[in-house]
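Chemist: Here you go, protein_35.pdb (PDB, C-alpha atoms):
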ATOM      1  CA  MET A1319      24.675 -28.347 -19.240
ATOM      2  CA  SER A1320      24.577 -24.824 -17.776
ATOM      3  CA  ARG A1321      22.541 -24.074 -14.673
ATOM      4  CA  LEU A1322      20.093 -21.175 -14.709
ATOM      5  CA  ILE A1323      20.033 -17.920 -12.755
ATOM      6  CA  VAL A1324      17.095 -15.550 -13.155
ATOM      7  CA  VAL A1325      17.805 -11.891 -12.353
ATOM      8  CA  SER A1326      14.922  -9.438 -12.060
ATOM      9  CA  GLU A1327      16.660  -6.611 -10.247
ATOM     10  CA  PRO A1328      17.282  -3.627 -12.592
ATOM     11  CA  LEU A1329      21.037  -3.362 -13.045
ATOM     12  CA  PRO A1330      23.347  -0.956 -14.896
ATOM     13  CA  GLU A1331      24.588  -2.496 -18.127
ATOM     14  CA  GLU A1332      28.190  -2.760 -16.957
ATOM     15  CA  LYS A1333      27.130  -4.633 -13.810
ATOM     16  CA  LEU A1334      24.910  -6.990 -15.773
ATOM     17  CA  ILE A1335      27.713  -7.785 -18.236
ATOM     18  CA  ARG A1336      30.127  -8.460 -15.381
ATOM     19  CA  LEU A1337      27.597 -10.671 -13.604
ATOM     20  CA  LYS A1338      26.874 -12.682 -16.751
ATOM     21  CA  GLU A1339      30.585 -13.175 -17.439
ATOM     22  CA  TYR A1340      31.294 -14.303 -13.888
ATOM     23  CA  ALA A1341      28.258 -16.610 -13.871
ATOM     24  CA  ALA A1342      29.412 -18.195 -17.143
ATOM     25  CA  GLU A1343      32.831 -18.887 -15.610
ATOM     26  CA  LEU A1344      31.049 -20.795 -12.844
ATOM     27  CA  GLY A1345      28.822 -22.730 -15.262
ATOM     28  CA  PHE A1346      25.633 -20.675 -15.056
ATOM     29  CA  ASP A1347      23.455 -18.972 -17.645
ATOM     30  CA  VAL A1348      21.682 -15.744 -16.697
ATOM     31  CA  ILE A1349      18.212 -14.681 -17.820
ATOM     32  CA  TYR A1350      17.631 -10.989 -17.188
ATOM     33  CA  GLU A1351      13.969 -10.012 -16.928
ATOM     34  CA  THR A1352      12.996  -6.867 -15.018
ATOM     35  CA  ASP A1353       9.263  -7.491 -15.236
ATOM     36  CA  ARG A1354       8.771  -9.126 -11.837
ATOM     37  CA  ASN A1355       5.803 -11.272 -12.849
ATOM     38  CA  LYS A1356       7.586 -12.572 -15.949
ATOM     39  CA  ALA A1357      10.767 -13.143 -13.996
ATOM     40  CA  GLU A1358       8.974 -15.116 -11.312
ATOM     41  CA  SER A1359       7.301 -17.266 -13.961
ATOM     42  CA  LEU A1360      10.785 -18.242 -15.145
ATOM     43  CA  THR A1361      11.890 -19.507 -11.735
ATOM     44  CA  GLY A1362      10.156 -22.826 -12.401
ATOM     45  CA  ARG A1363      13.265 -23.863 -14.293
ATOM     46  CA  ALA A1364      15.886 -21.833 -12.410
ATOM     47  CA  GLU A1365      18.257 -22.850  -9.655
ATOM     48  CA  ILE A1366      18.898 -19.319  -8.364
ATOM     49  CA  PHE A1367      16.721 -16.212  -8.338
ATOM     50  CA  PHE A1368      18.196 -12.771  -7.671
ATOM     51  CA  GLY A1369      15.191 -10.523  -7.234
ATOM     52  CA  ILE A1370      11.989  -9.949  -5.297
ATOM     53  CA  MET A1371       9.637 -12.912  -5.235
ATOM     54  CA  ASN A1372       6.046 -12.507  -4.137
ATOM     55  CA  PRO A1373       6.151 -13.860  -0.559
ATOM     56  CA  LYS A1374       2.595 -15.186  -0.922
ATOM     57  CA  ASN A1375       3.616 -17.552  -3.710
ATOM     58  CA  ASP A1376       5.114 -20.995  -3.316
ATOM     59  CA  VAL A1377       8.809 -21.400  -4.019
ATOM     60  CA  PRO A1378       9.344 -23.740  -7.009
ATOM     61  CA  GLU A1379      10.787 -27.163  -6.150
ATOM     62  CA  ASN A1380      13.814 -26.645  -8.365
ATOM     63  CA  LEU A1381      14.822 -23.295  -6.813
ATOM     64  CA  LYS A1382      17.750 -23.761  -4.447
ATOM     65  CA  TRP A1383      18.565 -20.181  -3.529
ATOM     66  CA  LEU A1384      16.591 -16.930  -3.385
ATOM     67  CA  CYS A1385      18.772 -13.835  -3.070
ATOM     68  CA  LEU A1386      16.678 -10.816  -2.158
ATOM     69  CA  PRO A1387      17.883  -7.329  -3.142
ATOM     70  CA  LEU A1388      16.450  -6.204   0.212
ATOM     71  CA  ALA A1389      17.692  -5.889   3.768
ATOM     72  CA  GLY A1390      14.353  -6.707   5.430
ATOM     73  CA  VAL A1391      13.217 -10.312   5.064
ATOM     74  CA  ASN A1392      10.381 -10.674   7.592
ATOM     75  CA  ASP A1393       7.832 -11.450   4.843
ATOM     76  CA  TYR A1394       9.806 -14.573   3.919
ATOM     77  CA  THR A1395      11.229 -16.098   7.098
ATOM     78  CA  SER A1396       8.104 -18.066   8.056
ATOM     79  CA  LYS A1397       7.776 -19.830   4.679
ATOM     80  CA  HIS A1398       8.333 -23.565   4.987
ATOM     81  CA  GLU A1399      10.643 -23.651   1.960
ATOM     82  CA  PHE A1400      13.151 -21.590   3.953
ATOM     83  CA  THR A1401      12.461 -22.863   7.473
ATOM     84  CA  SER A1402      12.964 -26.428   6.228
ATOM     85  CA  GLY A1403      16.193 -25.515   4.469
ATOM     86  CA  ARG A1404      14.911 -26.775   1.116
ATOM     87  CA  CYS A1405      15.708 -23.376  -0.401
ATOM     88  CA  MET A1406      18.347 -21.004   0.922
ATOM     89  CA  LEU A1407      17.439 -17.370   1.574
ATOM     90  CA  SER A1408      19.963 -14.554   1.483
ATOM     91  CA  CYS A1409      19.528 -10.794   1.576
ATOM     92  CA  SER A1410      21.381  -7.603   0.713
ATOM     93  CA  SER A1411      21.882  -6.292   4.227
ATOM     94  CA  GLY A1412      24.972  -4.093   4.173
ATOM     95  CA  ALA A1413      24.155  -2.450   0.852
ATOM     96  CA  TYR A1414      21.886   0.215   2.302
ATOM     97  CA  GLY A1415      23.852   1.653   5.210
ATOM     98  CA  VAL A1416      25.304   4.661   3.417
ATOM     99  CA  THR A1417      22.135   5.893   1.724
ATOM    100  CA  ILE A1418      19.970   5.405   4.823
ATOM    101  CA  ALA A1419      22.581   7.018   7.079
ATOM    102  CA  GLU A1420      22.577  10.109   4.861
ATOM    103  CA  HIS A1421      18.776  10.185   5.038
ATOM    104  CA  LEU A1422      19.015   9.923   8.825
ATOM    105  CA  VAL A1423      21.422  12.854   9.024
ATOM    106  CA  MET A1424      18.967  14.918   6.958
ATOM    107  CA  LEU A1425      16.030  13.990   9.192
ATOM    108  CA  THR A1426      18.022  14.666  12.347
ATOM    109  CA  LEU A1427      18.866  18.183  11.215
ATOM    110  CA  MET A1428      15.357  18.868   9.934
ATOM    111  CA  LEU A1429      13.828  17.968  13.287
ATOM    112  CA  LEU A1430      16.332  19.880  15.387
ATOM    113  CA  ARG A1431      16.103  22.923  13.073
ATOM    114  CA  ARG A1432      12.288  22.662  13.230
ATOM    115  CA  MET A1433      11.709  22.309   9.521
ATOM    116  CA  PRO A1434       8.179  20.832   9.888
ATOM    117  CA  GLU A1435       7.092  24.041  11.608
ATOM    118  CA  TYR A1436       8.818  26.305   9.090
ATOM    119  CA  ALA A1437       7.233  24.346   6.236
ATOM    120  CA  GLU A1438       3.833  24.890   7.865
ATOM    121  CA  ASP A1439       4.609  28.619   8.227
ATOM    122  CA  ARG A1440       5.385  28.898   4.516
ATOM    123  CA  LYS A1441       2.154  27.111   3.642
ATOM    124  CA  ASN A1442       0.204  29.547   5.834
ATOM    125  CA  GLY A1443       2.030  32.674   4.702
ATOM    126  CA  VAL A1444       3.712  33.191   8.072
ATOM    127  CA  TRP A1445       7.175  34.790   8.310
ATOM    128  CA  ARG A1446       8.743  33.850  11.638
ATOM    129  CA  ASN A1447      12.387  33.292  12.488
ATOM    130  CA  ASP A1448      12.509  33.373  16.272
ATOM    131  CA  ARG A1449      11.973  29.723  17.175
ATOM    132  CA  PRO A1450      14.723  28.382  19.454
ATOM    133  CA  LEU A1451      16.761  25.819  17.539
ATOM    134  CA  ARG A1452      18.697  22.839  18.822
ATOM    135  CA  SER A1453      22.013  21.368  17.805
ATOM    136  CA  VAL A1454      23.355  17.887  17.314
ATOM    137  CA  TYR A1455      26.371  19.239  19.160
ATOM    138  CA  ASP A1456      26.285  18.105  22.792
ATOM    139  CA  SER A1457      23.136  16.017  22.187
ATOM    140  CA  ARG A1458      22.684  12.520  23.600
ATOM    141  CA  ILE A1459      22.025  10.139  20.714
ATOM    142  CA  THR A1460      20.687   6.625  21.183
ATOM    143  CA  LEU A1461      20.740   4.126  18.330
ATOM    144  CA  LEU A1462      18.296   1.258  18.694
ATOM    145  CA  GLY A1463      20.068  -1.059  16.272
ATOM    146  CA  THR A1464      23.833  -1.133  15.694
ATOM    147  CA  GLY A1465      23.993  -2.954  12.373
ATOM    148  CA  ASP A1466      24.983  -1.565   8.985
ATOM    149  CA  ILE A1467      22.621   1.417   9.219
ATOM    150  CA  GLY A1468      23.409   2.225  12.846
ATOM    151  CA  ARG A1469      27.157   2.055  12.286
ATOM    152  CA  ASN A1470      27.073   4.262   9.209
ATOM    153  CA  TYR A1471      24.899   6.853  10.928
ATOM    154  CA  ALA A1472      27.052   6.824  14.081
ATOM    155  CA  LEU A1473      30.203   7.436  12.038
ATOM    156  CA  ARG A1474      28.636  10.372  10.202
ATOM    157  CA  VAL A1475      26.795  12.038  13.047
ATOM    158  CA  SER A1476      29.872  11.836  15.302
ATOM    159  CA  ALA A1477      31.374  14.656  13.212
ATOM    160  CA  PHE A1478      28.726  17.016  14.651
ATOM    161  CA  GLY A1479      30.139  16.641  18.166
ATOM    162  CA  PRO A1480      27.316  14.965  20.104
ATOM    163  CA  LYS A1481      27.765  14.450  23.829
ATOM    164  CA  SER A1482      27.293  10.695  23.449
ATOM    165  CA  ILE A1483      26.322   8.041  20.924
ATOM    166  CA  THR A1484      24.847   5.051  22.730
ATOM    167  CA  GLY A1485      24.164   1.842  20.849
ATOM    168  CA  LEU A1486      21.633  -0.826  21.755
ATOM    169  CA  SER A1487      21.700  -4.277  20.190
ATOM    170  CA  LYS A1488      20.741  -7.845  21.005
ATOM    171  CA  SER A1489      24.365  -8.751  21.752
ATOM    172  CA  GLY A1490      25.296  -5.496  23.452
ATOM    173  CA  LYS A1491      28.464  -5.389  21.367
ATOM    174  CA  SER A1492      29.789  -3.446  18.382
ATOM    175  CA  ASP A1493      33.227  -2.861  16.929
ATOM    176  CA  CYS A1494      32.256   0.583  15.580
ATOM    177  CA  PRO A1495      34.526   3.230  17.199
ATOM    178  CA  ALA A1496      31.864   5.949  16.904
ATOM    179  CA  PHE A1497      29.783   4.485  19.741
ATOM    180  CA  THR A1498      30.446   5.951  23.169
ATOM    181  CA  SER A1499      28.970   2.796  24.694
ATOM    182  CA  VAL A1500      26.934  -0.219  23.574
ATOM    183  CA  HIS A1501      24.318  -2.004  25.668
ATOM    184  CA  GLN A1502      21.881  -4.857  25.305
ATOM    185  CA  ILE A1503      18.342  -3.963  24.277
ATOM    186  CA  SER A1504      17.175  -5.070  27.720
ATOM    187  CA  ASP A1505      18.791  -1.854  29.049
ATOM    188  CA  LEU A1506      16.528   0.330  26.888
ATOM    189  CA  ASP A1507      14.251   1.608  29.664
ATOM    190  CA  GLY A1508      17.202   2.951  31.625
ATOM    191  CA  ILE A1509      18.720   4.707  28.605
ATOM    192  CA  LEU A1510      15.612   6.417  27.168
ATOM    193  CA  PRO A1511      15.452   9.128  29.885
ATOM    194  CA  GLU A1512      19.003  10.139  28.877
ATOM    195  CA  THR A1513      18.177  10.382  25.158
ATOM    196  CA  ASP A1514      17.716  13.523  23.054
ATOM    197  CA  ILE A1515      17.723  11.799  19.644
ATOM    198  CA  LEU A1516      16.418   8.239  19.307
ATOM    199  CA  VAL A1517      17.193   6.541  15.997
ATOM    200  CA  MET A1518      15.632   3.159  15.260
ATOM    201  CA  SER A1519      16.917   0.746  12.592
ATOM    202  CA  LEU A1520      15.793  -2.628  13.916
ATOM    203  CA  PRO A1521      14.750  -5.656  11.835
ATOM    204  CA  GLU A1522      11.286  -7.047  12.485
ATOM    205  CA  THR A1523      11.272  -9.916  14.953
ATOM    206  CA  PRO A1524       8.694 -10.886  17.589
ATOM    207  CA  GLU A1525      10.776  -8.978  20.154
ATOM    208  CA  THR A1526      10.879  -5.719  18.200
ATOM    209  CA  ILE A1527       7.169  -5.296  17.406
ATOM    210  CA  HIS A1528       5.959  -2.158  19.219
ATOM    211  CA  ILE A1529       9.224  -1.993  21.144
ATOM    212  CA  LEU A1530       8.586   1.754  21.328
ATOM    213  CA  ASN A1531       5.203   1.805  23.037
ATOM    214  CA  ARG A1532       3.293   4.386  25.077
ATOM    215  CA  GLU A1533       5.197   3.580  28.271
ATOM    216  CA  ARG A1534       8.600   3.916  26.641
ATOM    217  CA  LEU A1535       7.675   7.117  24.813
ATOM    218  CA  ALA A1536       6.833   8.563  28.230
ATOM    219  CA  LEU A1537      10.377   7.754  29.409
ATOM    220  CA  LEU A1538      11.893  10.110  26.821
ATOM    221  CA  PRO A1539      12.588  13.759  27.726
ATOM    222  CA  GLU A1540      10.139  16.348  26.365
ATOM    223  CA  ASN A1541      12.755  17.668  23.953
ATOM    224  CA  ALA A1542      13.448  14.239  22.453
ATOM    225  CA  VAL A1543      12.929  13.370  18.794
ATOM    226  CA  VAL A1544      12.357   9.891  17.368
ATOM    227  CA  ILE A1545      13.444   8.686  13.924
ATOM    228  CA  ASN A1546      12.573   5.258  12.516
ATOM    229  CA  VAL A1547      14.051   3.772   9.336
ATOM    230  CA  GLY A1548      13.901   0.101  10.338
ATOM    231  CA  ARG A1549      10.444  -1.454  10.352
ATOM    232  CA  GLY A1550       7.160   0.348  10.892
ATOM    233  CA  SER A1551       6.015  -2.332  13.331
ATOM    234  CA  ALA A1552       8.633  -1.194  15.863
ATOM    235  CA  ILE A1553       6.503   1.806  16.920
ATOM    236  CA  ASP A1554       3.011   1.895  18.404
ATOM    237  CA  GLU A1555       1.698   4.516  15.968
ATOM    238  CA  PRO A1556      -1.390   5.647  17.947
ATOM    239  CA  ALA A1557       0.859   6.100  20.980
ATOM    240  CA  LEU A1558       3.343   8.104  18.911
ATOM    241  CA  ALA A1559       0.591  10.337  17.540
ATOM    242  CA  GLU A1560      -0.661  10.946  21.066
ATOM    243  CA  ALA A1561       2.862  11.735  22.299
ATOM    244  CA  LEU A1562       3.351  14.302  19.529
ATOM    245  CA  LYS A1563      -0.033  15.946  20.059
ATOM    246  CA  SER A1564       0.360  16.164  23.831
ATOM    247  CA  GLY A1565       3.997  17.295  23.794
ATOM    248  CA  VAL A1566       5.406  14.174  25.425
ATOM    249  CA  ILE A1567       8.158  14.348  22.772
ATOM    250  CA  ALA A1568       9.206  17.211  20.482
ATOM    251  CA  GLY A1569       9.097  15.572  17.063
ATOM    252  CA  ALA A1570       9.429  12.446  14.958
ATOM    253  CA  ALA A1571      10.409  11.300  11.476
ATOM    254  CA  LEU A1572       9.269   8.039   9.911
ATOM    255  CA  ASP A1573      10.445   6.456   6.685
ATOM    256  CA  VAL A1574       8.583   3.233   7.519
ATOM    257  CA  LEU A1575       4.998   2.696   8.646
ATOM    258  CA  GLU A1576       2.896  -0.223   9.846
ATOM    259  CA  LYS A1577       0.692   0.222   6.773
ATOM    260  CA  GLU A1578       2.030   1.862   3.626
ATOM    261  CA  PRO A1579       0.966   4.247   2.260
ATOM    262  CA  LEU A1580      -0.332   5.999   5.371
ATOM    263  CA  PRO A1581      -4.075   5.239   5.734
ATOM    264  CA  GLU A1582      -6.473   8.174   5.634
ATOM    265  CA  ASP A1583      -7.740   7.312   9.105
ATOM    266  CA  SER A1584      -4.274   7.025  10.672
ATOM    267  CA  PRO A1585      -3.858   9.016  13.913
ATOM    268  CA  LEU A1586      -0.523  10.176  12.485
ATOM    269  CA  LYS A1587      -2.359  12.094   9.756
ATOM    270  CA  ASP A1588      -2.686  15.281  11.810
ATOM    271  CA  ALA A1589       0.188  14.765  14.261
ATOM    272  CA  PRO A1590       2.371  17.898  14.627
ATOM    273  CA  ASN A1591       6.134  18.049  14.113
ATOM    274  CA  LEU A1592       6.125  14.829  12.136
ATOM    275  CA  ILE A1593       8.074  14.124   8.944
ATOM    276  CA  ILE A1594       6.954  11.156   6.848
ATOM    277  CA  THR A1595       8.889   9.951   3.812
ATOM    278  CA  PRO A1596       7.503   7.137   1.591
ATOM    279  CA  HIS A1597       9.909   4.320   2.511
ATOM    280  CA  MET A1598      12.537   5.755   0.186
ATOM    281  CA  ALA A1599      15.618   6.116   2.396
ATOM    282  CA  GLY A1600      16.945   2.754   1.223
ATOM    283  CA  GLN A1601      15.617   2.603  -2.312
ATOM    284  CA  ARG A1602      18.105   1.484  -4.928
ATOM    285  CA  THR A1603      18.443   4.973  -6.375
ATOM    286  CA  LEU A1604      21.975   5.479  -5.076
ATOM    287  CA  LYS A1605      24.567   3.930  -7.408
ATOM    288  CA  ARG A1606      26.666   2.657  -4.528
ATOM    289  CA  THR A1607      23.714   0.686  -3.152
ATOM    290  CA  VAL A1608      23.328  -1.276  -6.390
ATOM    291  CA  ASP A1609      27.094  -1.741  -6.733
ATOM    292  CA  VAL A1610      27.392  -3.272  -3.259
ATOM    293  CA  MET A1611      24.271  -5.382  -3.769
ATOM    294  CA  VAL A1612      25.643  -6.949  -6.962
ATOM    295  CA  GLU A1613      29.069  -7.501  -5.404
ATOM    296  CA  LYS A1614      27.455  -9.307  -2.481
ATOM    297  CA  PHE A1615      25.474 -11.551  -4.820
ATOM    298  CA  MET A1616      28.496 -12.332  -6.959
ATOM    299  CA  ASN A1617      30.615 -13.079  -3.903
ATOM    300  CA  ASP A1618      27.995 -15.505  -2.614
ATOM    301  CA  LEU A1619      27.561 -16.992  -6.085
ATOM    302  CA  GLY A1620      31.193 -18.014  -5.911
ATOM    303  CA  HIS A1621      30.631 -19.572  -2.500
ATOM    304  CA  TYR A1622      27.518 -21.361  -3.799
ATOM    305  CA  ALA A1623      29.311 -22.772  -6.831
ATOM    306  CA  ARG A1624      32.080 -24.125  -4.576
ATOM    307  CA  GLY A1625      29.621 -25.633  -2.097
ATOM    308  CA  GLU A1626      30.580 -23.145   0.625
ATOM    309  CA  THR A1627      28.412 -21.268   3.144
ATOM    310  CA  LEU A1628      26.793 -18.090   1.850
ATOM    311  CA  GLU A1629      28.072 -15.017   3.672
ATOM    312  CA  ASN A1630      24.711 -13.253   3.401
ATOM    313  CA  ARG A1631      22.450 -16.197   4.180
ATOM    314  CA  VAL A1632      19.548 -15.265   6.457
ATOM    315  CA  ASN A1633      19.456 -16.895   9.862
ATOM    316  CA  ILE A1634      15.825 -18.035   9.812
ATOM    317  CA  LYS A1635      15.647 -18.479  13.593
ATOM    318  CA  ARG A1636      16.887 -14.938  14.260
ATOM    319  CA  GLY A1637      14.809 -13.488  11.444
ATOM    320  CA  TYR A1638      17.648 -11.573   9.758
TER     321      TYR A1638
END
What is this structure when it is put down as structure tokens?

Modeler:
Amino acid sequence: MSRLIVVSEPLPEEKLIRLKEYAAELGFDVIYETDRNKAESLTGRAEIFFGIMNPKNDVPENLKWLCLPLAGVNDYTSKHEFTSGRCMLSCSSGAYGVTIAEHLVMLTLMLLRRMPEYAEDRKNGVWRNDRPLRSVYDSRITLLGTGDIGRNYALRVSAFGPKSITGLSKSGKSDCPAFTSVHQISDLDGILPETDILVMSLPETPETIHILNRERLALLPENAVVINVGRGSAIDEPALAEALKSGVIAGAALDVLEKEPLPEDSPLKDAPNLIITPHMAGQRTLKRTVDVMVEKFMNDLGHYARGETLENRVNIKRGY
């Protein structure tokens, strides 16, 4: 008797056909249902679910493995089904590095070339071209997070000739050759004063919530810009708004927020020199992202069928 996989993630036809064929070779049937509610209702008789499950719902007893098409898993890591090991949780970290790195390069250039101000000029009918611009060249870049996103951004931005690319991670190690140096996150306070461009791509853990607070924003030089594509909880938003309004830093760009969409009463609403994008840097609109995501699932499906460890299984204690 075949075992059941439910897939709710929208896939190109050729990827779906390949997945179904490979699953059949391993003794699995695949039900493809892109309506999330309908798909989740089918998990009561499935062994594996490849898709987004409502984190507020209980995980069915029969489900043995939830593979999320996401990199961030903080909504799921406290659920007892995963903490107890009754159901395995894996994610698609590693599929989003390229698309988010390209978004980061765009935001970096927009901030340094003062696009928020020029956009405001156009809105107000102002023609002005004398604002001093800054360059990535010879800038000091600090990456708070050296995982898939950080590595991909470091490799791309290194082509612009920055003075340094400093990485900060929990381990203080990275094999990416684009980093000038890599430090532990505990060294952050000493590195912020030597930072022109701060890029944040951290997962959400108890240690990363509001890691960039009022005190740390004050450590940055006045010309510094901050970009966050990790988790909105990493930044104290009222403190960031205050820093932008008072000129403590020169600008910021956020693709993630503590509450999405941005609330009407958010202090960020009228903050100057701020770019906000609607959590779209890592959406599955880039073909490569979906290709890698499916390949990761299929690779782990082979491991699962053979009783081996999943390569993309989430470490529940670490939170990613």

Chemist: For A:Leu1592, which of A:Leu1520, A:Leu1506, A:Leu1425, A:Leu1344 is the closest residue, counting only C-alpha atoms?

Modeler: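 Answer, going by the shortest atom-to-atom distance: A:Leu1425.
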
Chemist: Pick out the residues sitting within 12 Å of A:Lys1374, and hand them over as a PDB file with C-alpha atoms, keeping the file's coordinate frame; count all atoms listed in the file, and ignore anything fewer than 4 positions along from it in its own chain.

Modeler:
ATOM      1  CA  ILE A1370      11.989  -9.949  -5.297  1.00  0.00           C
ATOM      2  CA  ASP A1393       7.832 -11.450   4.843  1.00  0.00           C
ATOM      3  CA  TYR A1394       9.806 -14.573   3.919  1.00  0.00           C
ATOM      4  CA  THR A1395      11.229 -16.098   7.098  1.00  0.00           C
ATOM      5  CA  SER A1396       8.104 -18.066   8.056  1.00  0.00           C
ATOM      6  CA  LYS A1397       7.776 -19.830   4.679  1.00  0.00           C
ATOM      7  CA  HIS A1398       8.333 -23.565   4.987  1.00  0.00           C
TER       8      HIS A1398
END

Chemist: So which residues fall inside 6 Å of (24.5, -0.1, 20.8) if we count all atoms listed in the file? Mind giving them as a ChimeraX atom specification?

Modeler: /A:1464,1484-1487,1500-1501

Chemist: With the file shown as input, list the residues that the PyMOL selection byres ((chain A and resi 1432-1447) around 12) selects, as a list in words.

Modeler: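 For this structure, the PyMOL selection byres ((chain A and resi 1432-1447) around 12) captures Met1424, Leu1425, Thr1426, Leu1427, Met1428, Leu1429, Leu1430, Arg1431, Asp1448, Arg1449, Pro1450, Leu1451, Arg1452, Ser1453, Asn1541, Val1543, Ala1568, Gly1569, Ala1570, Ala1571, Ala1589, Pro1590, Asn1591, Leu1592, Ile1593 and Ile1594 of chain A.
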
Chemist: Could you jot down the atom CA of A:Glu1522 to atom CA of A:Asp1573 separation for me, Å, one decimal place?

Modeler: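 Between atom CA of A:Glu1522 and atom CA of A:Asp1573 the gap works out to 14.7 Å.
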
Chemist: For A:Arg1549, please output as a PDB file with C-alpha atoms, keeping the file's coordinate frame all residues within 8 Å (counting all atoms listed in the file; exclusion window: fewer than 2 positions along the same chain).

Modeler:
ATOM      1  CA  SER A1519      16.917   0.746  12.592  1.00  0.00           C
ATOM      2  CA  LEU A1520      15.793  -2.628  13.916  1.00  0.00           C
ATOM      3  CA  PRO A1521      14.750  -5.656  11.835  1.00  0.00           C
ATOM      4  CA  GLU A1522      11.286  -7.047  12.485  1.00  0.00           C
ATOM      5  CA  ASN A1546      12.573   5.258  12.516  1.00  0.00           C
ATOM      6  CA  VAL A1547      14.051   3.772   9.336  1.00  0.00           C
ATOM      7  CA  SER A1551       6.015  -2.332  13.331  1.00  0.00           C
ATOM      8  CA  ALA A1552       8.633  -1.194  15.863  1.00  0.00           C
ATOM      9  CA  VAL A1574       8.583   3.233   7.519  1.00  0.00           C
ATOM     10  CA  LEU A1575       4.998   2.696   8.646  1.00  0.00           C
ATOM     11  CA  GLU A1576       2.896  -0.223   9.846  1.00  0.00           C
TER      12      GLU A1576
END

Chemist: Hey, which of A:Ser1359, A:Ser1499, A:Thr1417, A:Ser1504 ends up closest to A:Ile1467? Count only C-alpha atoms.

Modeler: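 Among A:Ser1359, A:Ser1499, A:Thr1417, A:Ser1504, it is A:Thr1417 that comes nearest to A:Ile1467.
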
Chemist: When you look at A:Glu1540 with a cut-off of 10 Å (counting only C-alpha atoms), what residues show up, excluding the ones that are within fewer than 4 positions of it in the same chain? I need them as a ChimeraX atom specification.

Modeler: /A:1511,1514,1535-1536,1561-1562,1565-1569

Chemist: Return the single residue from A:Asn1633, A:Asn1380, A:Ser1326, A:Asn1392 that is closest to A:Cys1405, with distances computed using only C-alpha atoms.

Modeler: A:Asn1380

Chemist: On this structure, the PyMOL selection byres ((chain A and resi 1476-1483) around 6) would catch which residues? List them as a list in words, sorted by chain and number.

Modeler: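 Expected selection for the PyMOL selection byres ((chain A and resi 1476-1483) around 6) here is Val1454, Tyr1455, Asp1456, Ser1457, Arg1458, Ile1459, Thr1460, Ala1472, Leu1473, Arg1474, Val1475, Thr1484, Phe1497 and Thr1498 of chain A.
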
Chemist: With distances taken over all atoms listed in the file, which residue among A:Glu1629, A:Leu1381, A:Thr1603, A:Asp1376 lies nearest A:Gly1362?

Modeler: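 Once distances to A:Gly1362 are computed over all atoms listed in the file, the minimum belongs to A:Leu1381.
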
Chemist: Can you spell out as a PyMOL selection string the set of residues that the PyMOL selection byres ((chain A and resi 1357) around 9) selects in the structure I just provided?

Modeler: chain A and resi 1324-1326+1349-1356+1358-1361+1367+1369+1371

Chemist: Check the smallest atom-to-atom distance from each of A:Pro1387, A:Gly1468, A:Pro1579, A:Pro1524 to A:Gln1601 using all atoms listed in the file, then report the winner.

Modeler: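 Closest to A:Gln1601, using all atoms listed in the file: A:Pro1387.
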
Chemist: Mind giving me the straight-line distance from atom CA of A:Leu1322 to atom CA of A:Asn1630 in Å, one decimal?

Modeler: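 Here the two named atoms are 20.3 Å from each other.
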
Chemist: So the first atom is atom CA of A:Glu1582 and the second is atom CA of A:Glu1525; what is the distance between them in Å, to one decimal place?

Modeler: 28.3 Å

Chemist: Which residue gives the smallest distance to A:Tyr1622 among A:Asn1372, A:Thr1401, A:Ser1584, A:Ser1408, with all atoms listed in the file counted?

Modeler: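 Among the listed residues, the smallest separation from A:Tyr1622 belongs to A:Ser1408.
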
Chemist: Padding 8 Å on each side, edges along x, y and z: where is the centre of the box around the listed atoms of stretch 1357-1369 of chain A, and how long are its edges in Å to one decimal? Output it as AutoDock Vina command-line options.

Modeler:
--center_x 13.1 --center_y -17.2 --center_z -11.2 --size_x 27.6 --size_y 29.3 --size_z 23.9

Chemist: Output stretch 1355-1362 of chain A as a tab-separated table (two decimals), in the coordinates of the input, making sure N, CA and C atoms are there.

Modeler:
chain	number	residue	atom	x	y	z
A	1355	ASN	N	6.71	-10.14	-12.62
A	1355	ASN	CA	5.80	-11.27	-12.85
A	1355	ASN	C	6.39	-12.26	-13.86
A	1356	LYS	N	6.96	-11.71	-14.95
A	1356	LYS	CA	7.59	-12.57	-15.95
A	1356	LYS	C	8.80	-13.28	-15.37
A	1357	ALA	N	9.57	-12.54	-14.59
A	1357	ALA	CA	10.77	-13.14	-14.00
A	1357	ALA	C	10.40	-14.29	-13.06
A	1358	GLU	N	9.37	-14.06	-12.25
A	1358	GLU	CA	8.97	-15.12	-11.31
A	1358	GLU	C	8.44	-16.34	-12.04
A	1359	SER	N	7.81	-16.12	-13.19
A	1359	SER	CA	7.30	-17.27	-13.96
A	1359	SER	C	8.44	-18.11	-14.52
A	1360	LEU	N	9.62	-17.52	-14.63
A	1360	LEU	CA	10.78	-18.24	-15.14
A	1360	LEU	C	11.49	-19.07	-14.08
A	1361	THR	N	11.17	-18.81	-12.81
A	1361	THR	CA	11.89	-19.51	-11.74
A	1361	THR	C	11.55	-20.99	-11.67
A	1362	GLY	N	10.51	-21.41	-12.38
A	1362	GLY	CA	10.16	-22.83	-12.40
A	1362	GLY	C	11.23	-23.70	-13.01
